[in-house]
Structure formats: structure tokens, C-alpha cells
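Text of work.txt, listed as compact mmCIF, C-alpha atoms:
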```
# COMPACT_ATOMS: atom_id res chain seq x y z
CA MET C 230 0.00 0.00 0.00
CA LEU C 231 1.28 3.46 -0.88
CA GLY C 232 1.71 5.96 1.93
CA PRO C 233 0.57 9.62 1.75
CA SER C 234 3.87 10.86 0.33
CA ALA C 235 3.90 8.24 -2.43
CA MET C 236 0.32 9.12 -3.36
CA ASP C 237 1.20 12.82 -3.48
CA GLU C 238 4.13 12.04 -5.76
CA GLN C 239 1.91 10.02 -8.08
CA ALA C 240 -0.57 12.88 -8.17
CA LEU C 241 2.21 15.31 -9.12
CA LYS C 242 3.35 13.05 -11.94
CA ALA C 243 -0.26 12.77 -13.17
CA ARG C 244 -0.34 16.56 -13.68
CA LEU C 245 2.28 16.30 -16.41
CA PRO C 246 1.47 15.61 -20.07
CA ASP C 247 2.00 11.95 -20.98
CA SER C 248 5.03 12.75 -23.15
CA VAL C 249 6.68 14.54 -20.22
CA ALA C 250 5.60 12.03 -17.58
CA ALA C 251 7.26 9.30 -19.61
CA ARG C 252 10.61 11.05 -19.05
CA VAL C 253 10.25 11.17 -15.25
CA GLN C 254 12.79 8.82 -13.69
CA SER C 255 12.00 9.80 -10.12
CA ILE C 256 9.91 12.31 -8.24
CA LYS C 257 10.11 13.08 -4.53
CA LEU C 258 8.00 15.44 -2.42
CA GLU C 259 9.37 16.37 0.97
CA ASN C 260 8.59 19.39 3.14
CA GLY C 261 7.00 21.24 0.23
CA ARG C 262 9.96 20.66 -2.10
CA ALA C 263 9.44 18.57 -5.23
CA THR C 264 12.60 17.04 -6.72
CA LEU C 265 12.38 15.45 -10.18
CA VAL C 266 14.93 13.61 -12.26
CA LEU C 267 14.04 13.66 -15.97
CA ASP C 268 15.48 11.68 -18.85
CA ALA C 269 16.70 14.26 -21.41
CA SER C 270 18.06 11.75 -23.93
CA GLY C 271 17.75 12.96 -27.52
CA LEU C 272 16.82 16.54 -26.63
CA GLU C 273 18.65 19.59 -27.92
CA PRO C 274 19.78 22.12 -25.27
CA GLU C 275 16.95 24.55 -26.03
CA ASN C 276 14.39 21.76 -25.76
CA ARG C 277 15.89 20.64 -22.45
CA ASP C 278 15.52 24.19 -21.12
CA GLY C 279 11.93 24.34 -22.32
CA LEU C 280 11.10 21.01 -20.73
CA GLU C 281 12.61 22.04 -17.42
CA SER C 282 10.70 25.33 -17.39
CA ALA C 283 7.41 23.63 -18.21
CA VAL C 284 7.85 21.02 -15.49
CA LYS C 285 8.71 23.67 -12.90
CA GLN C 286 5.63 25.68 -13.82
CA ILE C 287 3.20 22.73 -13.82
CA ILE C 288 4.47 21.13 -10.63
CA GLY C 289 4.92 24.49 -8.92
CA GLU C 290 1.18 25.18 -9.30
CA ALA C 291 0.25 22.08 -7.28
CA ASP C 292 -1.06 22.51 -3.74
CA GLY C 293 1.59 21.96 -1.11
CA VAL C 294 4.54 22.59 -3.45
CA GLY C 295 6.65 25.62 -2.63
CA ASP C 296 9.84 24.75 -4.49
CA VAL C 297 10.61 22.65 -7.56
CA ARG C 298 14.05 21.30 -8.44
CA VAL C 299 14.79 19.45 -11.66
CA ALA C 300 17.78 17.43 -12.82
CA MET C 301 18.02 16.64 -16.52
CA VAL C 302 20.09 13.54 -17.22
CA ALA C 303 20.85 11.56 -20.34
CA ASP C 304 22.75 8.44 -21.28
CA ARG C 305 26.45 9.02 -20.83
CA ALA C 306 28.22 10.35 -23.87
CA PRO C 307 31.18 8.40 -25.25
CA PRO C 308 34.20 8.95 -22.99
CA GLN C 309 36.15 12.11 -23.75
CA PRO C 310 39.72 12.97 -22.75
CA GLY C 311 39.76 14.01 -19.12
CA PRO C 312 39.46 12.50 -15.66
CA THR C 313 36.94 9.87 -14.68
CA LEU C 314 34.54 11.48 -12.20
CA ILE C 315 33.71 9.61 -9.01
CA ALA C 316 31.18 11.15 -6.61
CA VAL C 317 31.54 10.55 -2.89
CA GLY C 318 28.21 11.23 -1.23
CA SER C 319 26.20 10.78 1.93
CA GLY C 320 22.65 11.39 2.99
CA LYS C 321 23.58 13.50 6.00
CA GLY C 322 26.49 15.42 7.40
CA GLY C 323 28.90 14.33 10.08
CA VAL C 324 29.59 10.85 8.72
CA GLY C 325 33.23 11.48 7.81
CA LYS C 326 32.76 11.73 4.05
CA SER C 327 35.47 14.35 3.52
CA THR C 328 38.00 12.40 5.56
CA LEU C 329 37.22 9.29 3.53
CA THR C 330 37.52 11.20 0.25
CA ALA C 331 40.94 12.63 1.10
CA ASN C 332 42.29 9.30 2.30
CA LEU C 333 40.89 7.47 -0.73
CA ALA C 334 42.66 9.97 -2.98
CA VAL C 335 45.97 9.50 -1.16
CA ALA C 336 45.61 5.71 -1.18
CA LEU C 337 44.77 5.68 -4.90
CA ALA C 338 47.80 7.88 -5.58
CA ARG C 339 49.96 5.39 -3.73
CA LEU C 340 48.58 2.73 -6.08
CA GLY C 341 49.93 4.77 -8.99
CA ARG C 342 46.75 6.64 -9.96
CA LYS C 343 46.79 10.34 -10.81
CA VAL C 344 44.04 11.66 -8.57
CA GLY C 345 42.47 15.06 -7.91
CA ILE C 346 39.70 16.25 -5.59
CA VAL C 347 36.88 18.75 -6.01
CA ASP C 348 35.59 19.90 -2.63
CA ALA C 349 31.99 20.52 -3.69
CA ASP C 350 30.74 21.24 -0.18
CA VAL C 351 30.67 24.96 -0.84
CA TYR C 352 29.15 25.81 2.56
CA GLY C 353 31.56 23.76 4.68
CA PRO C 354 34.78 23.07 2.75
CA SER C 355 37.27 21.01 4.72
CA GLN C 356 39.63 19.50 2.13
CA PRO C 357 42.18 22.39 2.29
CA THR C 358 42.67 21.53 5.97
CA ILE C 359 42.89 17.77 5.46
CA LEU C 360 45.28 18.04 2.50
CA ASN C 361 47.32 20.83 4.09
CA ASN C 362 47.07 23.57 1.45
CA LYS C 363 44.80 25.93 3.38
CA GLY C 364 45.36 29.61 2.60
CA GLN C 365 46.60 29.03 -0.95
CA LYS C 366 44.74 30.58 -3.87
CA PRO C 367 44.17 28.94 -7.28
CA GLU C 368 45.35 30.71 -10.38
CA ALA C 369 43.18 31.10 -13.49
CA ARG C 370 44.14 30.32 -17.07
CA ASP C 371 41.87 30.78 -20.09
CA ASP C 372 38.95 31.62 -17.76
CA LYS C 373 39.33 28.32 -15.91
CA LEU C 374 40.80 27.61 -12.50
CA VAL C 375 44.08 25.77 -12.05
CA PRO C 376 43.96 23.26 -9.16
CA VAL C 377 46.02 23.95 -6.07
CA PRO C 378 48.76 21.35 -5.41
CA SER C 379 49.04 19.65 -2.02
CA PRO C 380 52.00 18.12 -0.18
CA HIS C 381 50.48 14.69 -0.75
CA GLY C 382 50.47 14.93 -4.54
CA ILE C 383 46.71 15.49 -4.75
CA PRO C 384 45.64 18.61 -6.69
CA LEU C 385 42.57 20.22 -5.16
CA LEU C 386 39.96 22.87 -5.85
CA SER C 387 37.70 24.03 -3.04
CA MET C 388 35.63 27.04 -2.07
CA GLY C 389 37.95 27.05 0.94
CA HIS C 390 40.61 28.36 -1.45
CA LEU C 391 38.39 31.15 -2.76
CA VAL C 392 36.76 32.66 0.34
CA GLU C 393 38.28 33.94 3.55
CA PRO C 394 38.17 31.55 6.54
CA GLY C 395 35.08 32.01 8.68
CA VAL C 396 33.11 33.88 6.01
CA ALA C 397 29.55 32.56 5.74
CA LEU C 398 28.25 32.05 2.20
CA ALA C 399 24.62 33.18 2.02
CA TRP C 400 24.02 31.55 -1.36
CA ARG C 401 20.86 30.06 -2.76
CA GLY C 402 21.05 26.57 -4.22
CA PRO C 403 21.64 27.46 -7.90
CA MET C 404 24.65 29.62 -6.95
CA ALA C 405 26.16 26.69 -5.05
CA GLY C 406 25.57 24.44 -8.04
CA ASN C 407 27.27 26.90 -10.39
CA ALA C 408 30.25 27.21 -8.05
CA MET C 409 30.66 23.44 -8.02
CA ALA C 410 30.53 23.38 -11.84
CA GLN C 411 33.42 25.86 -12.03
CA LEU C 412 35.50 23.69 -9.72
CA ILE C 413 34.94 20.62 -11.90
CA ASP C 414 35.32 22.40 -15.24
CA ALA C 415 38.92 23.38 -14.51
CA HIS C 416 42.40 22.57 -15.79
CA TRP C 417 42.69 19.01 -14.50
CA ASP C 418 45.55 18.29 -16.88
CA GLY C 419 47.04 14.85 -16.33
CA THR C 420 44.46 13.86 -13.72
CA GLU C 421 43.02 10.39 -14.32
CA VAL C 422 40.49 10.17 -11.49
CA LEU C 423 38.62 13.13 -9.99
CA LEU C 424 36.90 12.50 -6.66
CA ILE C 425 34.00 14.86 -5.98
CA ASP C 426 33.47 15.40 -2.26
CA LEU C 427 29.77 16.30 -2.26
CA PRO C 428 27.85 18.15 0.42
CA PRO C 429 25.42 15.98 2.38
CA GLY C 430 21.92 15.43 1.09
CA THR C 431 20.31 15.51 -2.35
CA GLY C 432 20.11 19.22 -3.14
CA ASP C 433 21.07 21.61 -5.91
CA VAL C 434 24.75 20.71 -6.00
CA GLN C 435 23.92 17.05 -6.61
CA LEU C 436 21.30 17.91 -9.23
CA THR C 437 23.72 20.23 -11.06
CA MET C 438 26.35 17.51 -11.07
CA LEU C 439 23.93 14.94 -12.52
CA SER C 440 22.73 17.38 -15.17
CA LYS C 441 26.08 18.76 -16.31
CA PHE C 442 28.72 16.15 -15.57
CA LYS C 443 27.19 12.75 -14.71
CA PRO C 444 29.89 10.85 -12.79
CA ALA C 445 31.05 7.43 -13.86
CA GLY C 446 30.09 6.10 -10.44
CA ALA C 447 29.39 6.98 -6.81
CA VAL C 448 30.62 5.85 -3.42
CA ILE C 449 28.12 6.26 -0.57
CA VAL C 450 29.37 6.80 3.00
CA SER C 451 27.29 6.17 6.13
CA THR C 452 27.69 5.44 9.79
CA PRO C 453 26.02 2.23 10.98
CA GLN C 454 22.98 3.65 12.78
CA ASP C 455 19.52 3.48 11.23
CA LEU C 456 18.97 7.24 10.85
CA ALA C 457 22.16 7.67 8.82
CA LEU C 458 21.30 4.64 6.69
CA ILE C 459 17.88 6.06 5.82
CA ASP C 460 19.50 9.25 4.54
CA ALA C 461 22.22 7.28 2.75
CA GLN C 462 19.53 5.35 0.92
CA ARG C 463 18.06 8.65 -0.33
CA ALA C 464 21.46 9.62 -1.73
CA ALA C 465 21.82 6.22 -3.39
CA ASN C 466 18.34 6.51 -4.89
CA LEU C 467 19.19 9.89 -6.43
CA PHE C 468 22.28 8.48 -8.15
CA ASP C 469 20.35 5.42 -9.25
CA SER C 470 17.56 7.51 -10.76
CA GLY C 471 20.22 9.51 -12.61
CA LYS C 472 21.69 6.25 -14.02
CA VAL C 473 24.94 6.68 -12.08
CA PRO C 474 26.24 3.28 -10.89
CA ILE C 475 26.74 2.87 -7.14
CA ILE C 476 30.27 1.53 -6.81
CA GLY C 477 29.68 0.56 -3.21
CA LEU C 478 28.93 1.51 0.38
CA VAL C 479 31.45 2.35 3.09
CA GLU C 480 30.68 2.04 6.81
CA ASN C 481 32.50 4.81 8.65
CA MET C 482 33.00 5.26 12.41
CA SER C 483 32.62 1.51 12.80
CA GLY C 484 33.98 0.46 16.19
CA TYR C 485 35.99 2.45 18.74
CA ALA C 486 39.03 1.01 20.48
CA CYS C 487 39.59 2.53 23.92
CA PRO C 488 43.12 3.99 23.97
CA SER C 489 43.52 2.96 27.63
CA CYS C 490 42.27 -0.62 27.76
CA GLY C 491 41.92 -1.54 24.08
CA GLU C 492 38.31 -2.67 24.47
CA VAL C 493 36.30 -2.15 21.29
CA SER C 494 32.83 -0.61 21.56
CA ASP C 495 30.30 0.41 18.93
CA PRO C 496 28.81 3.82 19.84
CA PHE C 497 27.09 4.10 16.43
CA GLY C 498 26.18 0.42 16.09
CA LYS C 499 27.85 -2.17 13.93
CA GLY C 500 27.27 -3.84 10.60
CA GLY C 501 24.29 -1.75 9.51
CA VAL C 502 25.88 -0.60 6.26
CA GLU C 503 27.01 -4.09 5.31
CA ALA C 504 23.50 -5.41 6.03
CA ALA C 505 22.04 -2.66 3.84
CA ALA C 506 24.48 -3.55 1.08
CA ASP C 507 23.46 -7.22 1.27
CA ALA C 508 19.77 -6.28 1.18
CA THR C 509 20.12 -4.04 -1.87
CA GLY C 510 22.78 -5.94 -3.80
CA ILE C 511 25.17 -2.96 -3.66
CA PRO C 512 28.81 -3.91 -3.04
CA PHE C 513 30.15 -3.36 0.46
CA LEU C 514 33.58 -1.72 0.24
CA GLY C 515 34.62 -1.92 3.89
CA ARG C 516 34.66 -0.37 7.35
CA ILE C 517 36.62 2.59 8.68
CA PRO C 518 37.00 2.64 12.48
CA LEU C 519 36.24 5.55 14.78
CA ALA C 520 39.84 6.30 15.74
CA MET C 521 41.47 9.29 17.39
CA GLU C 522 44.50 8.89 15.12
CA ILE C 523 42.39 9.37 11.99
CA ARG C 524 40.77 12.50 13.38
CA THR C 525 43.99 14.12 14.52
CA ALA C 526 45.74 13.23 11.26
CA SER C 527 42.99 14.98 9.30
CA ASP C 528 43.13 18.06 11.52
CA ASN C 529 46.91 18.19 11.10
CA GLY C 530 46.84 17.92 7.31
CA THR C 531 48.46 14.49 7.24
CA PRO C 532 45.84 11.96 6.05
CA SER C 533 46.25 8.53 7.63
CA ALA C 534 46.53 6.85 4.22
CA ALA C 535 49.78 8.75 3.63
CA GLY C 536 51.45 6.73 6.37
CA ASP C 537 51.99 3.05 7.02
CA GLY C 538 50.28 2.69 10.40
CA HIS C 539 47.42 0.33 11.10
CA GLU C 540 44.91 3.19 10.70
CA ALA C 541 45.91 3.44 7.00
CA GLU C 542 44.97 -0.15 6.22
CA PRO C 543 41.17 0.21 5.91
CA PHE C 544 41.54 3.17 3.54
CA HIS C 545 43.93 1.22 1.32
CA ALA C 546 41.53 -1.74 1.30
CA VAL C 547 38.65 0.45 0.08
CA ALA C 548 40.92 2.20 -2.45
CA LYS C 549 42.00 -1.16 -3.88
CA GLN C 550 38.36 -2.08 -4.55
CA LEU C 551 37.74 1.31 -6.14
CA ALA C 552 40.84 0.86 -8.32
CA ASP C 553 39.61 -2.56 -9.41
CA TRP C 554 36.26 -1.02 -10.37
CA LEU C 555 37.98 1.77 -12.31
CA ASP C 556 39.91 -0.84 -14.29
CA THR C 557 36.61 -2.14 -15.66
CA GLN C 558 35.58 1.29 -16.98
CA PRO C 559 36.29 2.93 -20.37
CA VAL C 560 39.23 5.33 -20.38
CA GLY C 561 38.27 8.99 -20.08
CA GLY C 562 35.65 11.00 -18.25
CA GLN C 563 33.19 13.82 -18.70
CA VAL C 564 35.30 16.94 -18.14
```
Please go through the file and, once you have read it, give me the structure as C-alpha cells.
Amino acid sequence: MLGPSAMDEQALKARLPDSVAARVQSIKLENGRATLVLDASGLEPENRDGLESAVKQIIGEADGVGDVRVAMVADRAPPQPGPTLIAVGSGKGGVGKSTLTANLAVALARLGRKVGIVDADVYGPSQPTILNNKGQKPEARDDKLVPVPSPHGIPLLSMGHLVEPGVALAWRGPMAGNAMAQLIDAHWDGTEVLLIDLPPGTGDVQLTMLSKFKPAGAVIVSTPQDLALIDAQRAANLFDSGKVPIIGLVENMSGYACPSCGEVSDPFGKGGVEAAADATGIPFLGRIPLAMEIRTASDNGTPSAAGDGHEAEPFHAVAKQLADWLDTQPVGGQV
């Protein structure tokens, strides 16, 4: 039986002409915001714009809808020269996604991959701190940004390089999406794999990415507890509706070893992400423990994966699986 939200979503879809409704890959209504993913295959740019405007107008006139967001996606174009884009996402904040992204990049680089990072969390950029190039400014060439190098061999672009520390960005969603697009559409010369550290949730930045760049795949990060998993499933559903393969799930903050006695406890639960992976058929990439060493290494600009301690091992294990997945993909990306 469909719940109230599902019925509302069906009613919204029924408002659209049949030819438009047939292009709807997903539609969600939550707190007065309708989010639609539309298949734009075969449409010229002007027709895509017209379709988006029409959908926003029709859905925006429905009772209970105060905001309409649309992502236009199409089948991936043949690979072009440039990095392969991998999105790293989560349903909610505070799950350690940025730390995982930085350590995955370092671990992939140690496997011989040429890796870069886009810090797409424009409201809370943290990669300049983790990769130890905070305070540096990117140069521009031919109206495009040049990534900022880091001591760990990972070039990076982040809003943290472009705004002063502590300055609050009072931007509406479309401005954040446009900022993310400029960070991706930069001079990533020689970069083979570009990890996109997304903000939490399924908002404008994610929709802009699906519409303009369409990653080759996505890694979803969650802590084990049920609330985080529910939000992680929303993030996975958005990528799935946009025809972006889910490479796998990572369980972060999984187990805490007491530094005094060594006893391992599970403050956020245990095994929830792996169970969710088994239930959905999505690969499980591994667990990252809740460890003081990982936190302090990130704060100090020395990601754990750059060293050879035991805290580096889980990051290298996840990176190896990601590298194996990349080896199955066509050469080239979407930048």
C-alpha cells in the first residue's frame, strides 16, 4: 500500500502531459519541495531548457509545493579525454565523508593513480585543511581555475581556497551548483580520477552535477545507525535515478578502540551498512574505524593513508576495490 507521500508524488506526476511524464525517472516530495529527475536523452539544449521550465511551472502550481528542483540527465556520452569522475556522497552530514575522500585519494595515488579532488561542499569546505594547502589561492588560465597542489600529490579545488576563513556564504542553491561546476570544469591536466566530495543530502549541487557532468560512479558513505542509513539510501536513490552506478557503500565510524584498555565498543552500532548492502545488492567496500589517530591526522593535514600505520589499512583496502572497479571502466571522463 502506498503511503501519503507516495500518493502525493503520483498525483504530481499525473499533472504532467503523458510525453513529459514518460521522461520522469524519479519524483520526490518532501517538506513542500518537489525534486524530479528527468530523462533528457535525444533533446537539444533549447528543448531541455523548455522542458525544465514547463515542469517547474506545472508542478509548482500544485497545492503543497513551494519549491521545484529538476535534474536533466541523459545516457552518458562516449568517454572524452579528461578525468573519470567519481562522486563521494552521503545522505547526511557528520559521517566522515570528507576524511574518507581525502584518504581514498591518497591511497589511490599510492597505487599509482593520478588523482584530484573537487571539494563541492561549498558551505563547509574542509579539504584544504585535510590536505594541508589551506590559505593558498588557485590561479586562473583561459577563464578556468588551475587546481592547487598539495604536499600529498593530490591537486585540489575548493571554495575554501576562494573565500576567507570564517566567512559565511549566504548563497541560494543554484549559486552553489554553479560554483561546483566551475571547480569541476577546470584545468585538471594529467588527472586520471577526480573524486568529488559532495555536500550531504540531495540538493542543488547534486542535481547540477547529474545534469552537467554525470559521474562514472558513486561511493556512498554512512555510519552504521539506522537514521544515517535512511539518509544514505536517499542519496543512493538519487544516483540510481540519474543512471549513475553505485560503486559501493562504506561504513564509517565503525567500532571504537579505547586507547587505555583496548576494548572495542560500537557507539554508532555495527554492521548496519554491510547489512544494507546485502539487502540491496550494492557492493560493500569496507569499514573505517572511529579512531582518534584518523581524526587528529585529518586536523593536522596528514591523512592517515599517507602513512603506514594500522589506521591506514582500511583506507587502502577500500581504495583497492575502487581501483579494481575503475579498471573495468572505459578510459576517459566527462570533463
Neighbour list for stretch 442-448 of chain C as a list in words, cut-off 7 Å, all atoms listed in the file, skip fewer than 4 positions in-chain: Thr313, Leu314, Ile315, Ala316, Val317, Gly318, Met438, Val473, Pro474, Ile475, Ile476, Gly477, Leu478 and Gln563 of chain C
If you count only C-alpha atoms, which residues fall within 12 Å of C:His545, apart from same-chain ones fewer than 4 positions away, as a PyMOL selection string? chain C and resi 329-340+514-517+532-541+549-552
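The coordinates place atom CA of C:Gln286 at 28.4 Å from atom CA of C:Leu427.
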Quick one: distance from atom CA of C:Asp433 to atom CA of C:Ala300 in Å, one decimal? 8.7 Å
So, counting all atoms listed in the file, which residue among C:Ser379, C:Ser451, C:Gln365, C:Ser387 is closest to C:Tyr352? C:Ser387
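Candidate residues C:Met482, C:Val324, C:Ile256, C:Ala303 were compared for distance to C:Asp268, and the nearest is C:Ala303, using all atoms listed in the file.
For the choices C:Ile287, C:Ile449, C:Glu542, C:Leu386, the atom-to-atom distance to C:Ala250 is smallest for C:Ile287 when using all atoms listed in the file.
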12 Å contact set for C:Asp418, all atoms listed in the file, chain neighbours under 2 positions out, as an mmCIF file with C-alpha atoms, keeping the file's coordinate frame:
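Final output, around-v7.cif:
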```cif
data_model
loop_
_atom_site.group_PDB
_atom_site.id
_atom_site.type_symbol
_atom_site.label_atom_id
_atom_site.label_comp_id
_atom_site.auth_asym_id
_atom_site.auth_seq_id
_atom_site.Cartn_x
_atom_site.Cartn_y
_atom_site.Cartn_z
ATOM 1 C CA PRO C 310 39.720 12.970 -22.750
ATOM 2 C CA GLY C 311 39.760 14.010 -19.120
ATOM 3 C CA PRO C 312 39.460 12.500 -15.660
ATOM 4 C CA LYS C 343 46.790 10.340 -10.810
ATOM 5 C CA VAL C 344 44.040 11.660 -8.570
ATOM 6 C CA GLY C 345 42.470 15.060 -7.910
ATOM 7 C CA LYS C 373 39.330 28.320 -15.910
ATOM 8 C CA LEU C 374 40.800 27.610 -12.500
ATOM 9 C CA VAL C 375 44.080 25.770 -12.050
ATOM 10 C CA PRO C 376 43.960 23.260 -9.160
ATOM 11 C CA PRO C 384 45.640 18.610 -6.690
ATOM 12 C CA ILE C 413 34.940 20.620 -11.900
ATOM 13 C CA ASP C 414 35.320 22.400 -15.240
ATOM 14 C CA ALA C 415 38.920 23.380 -14.510
ATOM 15 C CA HIS C 416 42.400 22.570 -15.790
ATOM 16 C CA THR C 420 44.460 13.860 -13.720
ATOM 17 C CA GLU C 421 43.020 10.390 -14.320
ATOM 18 C CA VAL C 422 40.490 10.170 -11.490
ATOM 19 C CA LEU C 423 38.620 13.130 -9.990
ATOM 20 C CA VAL C 564 35.300 16.940 -18.140
#
```
Atom completion result for stretch 263-274 of chain C (all heavy atoms) as a JSON list (two decimals), in the coordinates of the input:
```json
[["chain", "number", "residue", "atom", "x", "y", "z"],
["C", 263, "ALA", "N", 9.54, 19.66, -4.26],
["C", 263, "ALA", "CA", 9.44, 18.57, -5.23],
["C", 263, "ALA", "C", 10.76, 18.47, -6.00],
["C", 263, "ALA", "O", 11.24, 19.47, -6.54],
["C", 263, "ALA", "CB", 8.29, 18.80, -6.21],
["C", 264, "THR", "N", 11.34, 17.29, -6.01],
["C", 264, "THR", "CA", 12.60, 17.04, -6.72],
["C", 264, "THR", "C", 12.35, 16.00, -7.79],
["C", 264, "THR", "O", 11.89, 14.90, -7.49],
["C", 264, "THR", "CB", 13.70, 16.55, -5.77],
["C", 264, "THR", "OG1", 13.89, 17.53, -4.74],
["C", 264, "THR", "CG2", 15.00, 16.35, -6.51],
["C", 265, "LEU", "N", 12.61, 16.36, -9.05],
["C", 265, "LEU", "CA", 12.38, 15.45, -10.18],
["C", 265, "LEU", "C", 13.66, 15.20, -10.92],
["C", 265, "LEU", "O", 14.48, 16.11, -11.11],
["C", 265, "LEU", "CB", 11.34, 16.03, -11.16],
["C", 265, "LEU", "CG", 9.92, 16.26, -10.63],
["C", 265, "LEU", "CD1", 9.77, 17.67, -10.07],
["C", 265, "LEU", "CD2", 8.90, 16.03, -11.75],
["C", 266, "VAL", "N", 13.86, 13.97, -11.36],
["C", 266, "VAL", "CA", 14.93, 13.61, -12.26],
["C", 266, "VAL", "C", 14.29, 13.20, -13.58],
["C", 266, "VAL", "O", 13.47, 12.27, -13.62],
["C", 266, "VAL", "CB", 15.80, 12.46, -11.70],
["C", 266, "VAL", "CG1", 16.87, 12.07, -12.70],
["C", 266, "VAL", "CG2", 16.43, 12.87, -10.37],
["C", 267, "LEU", "N", 14.65, 13.89, -14.66],
["C", 267, "LEU", "CA", 14.04, 13.66, -15.97],
["C", 267, "LEU", "C", 15.07, 13.12, -16.95],
["C", 267, "LEU", "O", 16.23, 13.53, -16.94],
["C", 267, "LEU", "CB", 13.46, 14.97, -16.54],
["C", 267, "LEU", "CG", 12.44, 15.72, -15.69],
["C", 267, "LEU", "CD1", 11.96, 16.97, -16.43],
["C", 267, "LEU", "CD2", 11.26, 14.82, -15.36],
["C", 268, "ASP", "N", 14.64, 12.21, -17.79],
["C", 268, "ASP", "CA", 15.48, 11.68, -18.85],
["C", 268, "ASP", "C", 15.46, 12.66, -20.02],
["C", 268, "ASP", "O", 14.42, 12.88, -20.64],
["C", 268, "ASP", "CB", 14.95, 10.31, -19.28],
["C", 268, "ASP", "CG", 15.78, 9.68, -20.40],
["C", 268, "ASP", "OD1", 16.82, 10.27, -20.77],
["C", 268, "ASP", "OD2", 15.39, 8.62, -20.90],
["C", 269, "ALA", "N", 16.61, 13.26, -20.33],
["C", 269, "ALA", "CA", 16.70, 14.26, -21.41],
["C", 269, "ALA", "C", 17.35, 13.68, -22.66],
["C", 269, "ALA", "O", 17.79, 14.45, -23.52],
["C", 269, "ALA", "CB", 17.46, 15.48, -20.92],
["C", 270, "SER", "N", 17.41, 12.36, -22.78],
["C", 270, "SER", "CA", 18.06, 11.75, -23.93],
["C", 270, "SER", "C", 17.41, 12.22, -25.23],
["C", 270, "SER", "O", 16.18, 12.26, -25.35],
["C", 270, "SER", "CB", 17.97, 10.22, -23.84],
["C", 270, "SER", "OG", 18.62, 9.74, -22.70],
["C", 271, "GLY", "N", 18.24, 12.59, -26.19],
["C", 271, "GLY", "CA", 17.75, 12.96, -27.52],
["C", 271, "GLY", "C", 17.27, 14.39, -27.65],
["C", 271, "GLY", "O", 16.86, 14.79, -28.74],
["C", 272, "LEU", "N", 17.31, 15.16, -26.57],
["C", 272, "LEU", "CA", 16.82, 16.54, -26.63],
["C", 272, "LEU", "C", 17.96, 17.52, -26.88],
["C", 272, "LEU", "O", 19.05, 17.38, -26.31],
["C", 272, "LEU", "CB", 16.13, 16.92, -25.31],
["C", 272, "LEU", "CG", 14.85, 16.16, -24.95],
["C", 272, "LEU", "CD1", 14.31, 16.66, -23.64],
["C", 272, "LEU", "CD2", 13.79, 16.31, -26.05],
["C", 273, "GLU", "N", 17.71, 18.50, -27.72],
["C", 273, "GLU", "CA", 18.65, 19.59, -27.92],
["C", 273, "GLU", "C", 18.64, 20.50, -26.69],
["C", 273, "GLU", "O", 17.65, 20.53, -25.94],
["C", 273, "GLU", "CB", 18.28, 20.40, -29.17],
["C", 273, "GLU", "CG", 18.36, 19.61, -30.47],
["C", 273, "GLU", "CD", 19.77, 19.14, -30.76],
["C", 273, "GLU", "OE1", 20.73, 19.86, -30.41],
["C", 273, "GLU", "OE2", 19.92, 18.03, -31.31],
["C", 274, "PRO", "N", 19.71, 21.28, -26.48],
["C", 274, "PRO", "CA", 19.78, 22.12, -25.27],
["C", 274, "PRO", "C", 18.57, 23.03, -25.09],
["C", 274, "PRO", "O", 18.05, 23.18, -23.97],
["C", 274, "PRO", "CB", 21.06, 22.93, -25.49],
["C", 274, "PRO", "CG", 21.93, 22.03, -26.33],
["C", 274, "PRO", "CD", 20.97, 21.31, -27.25]]
```
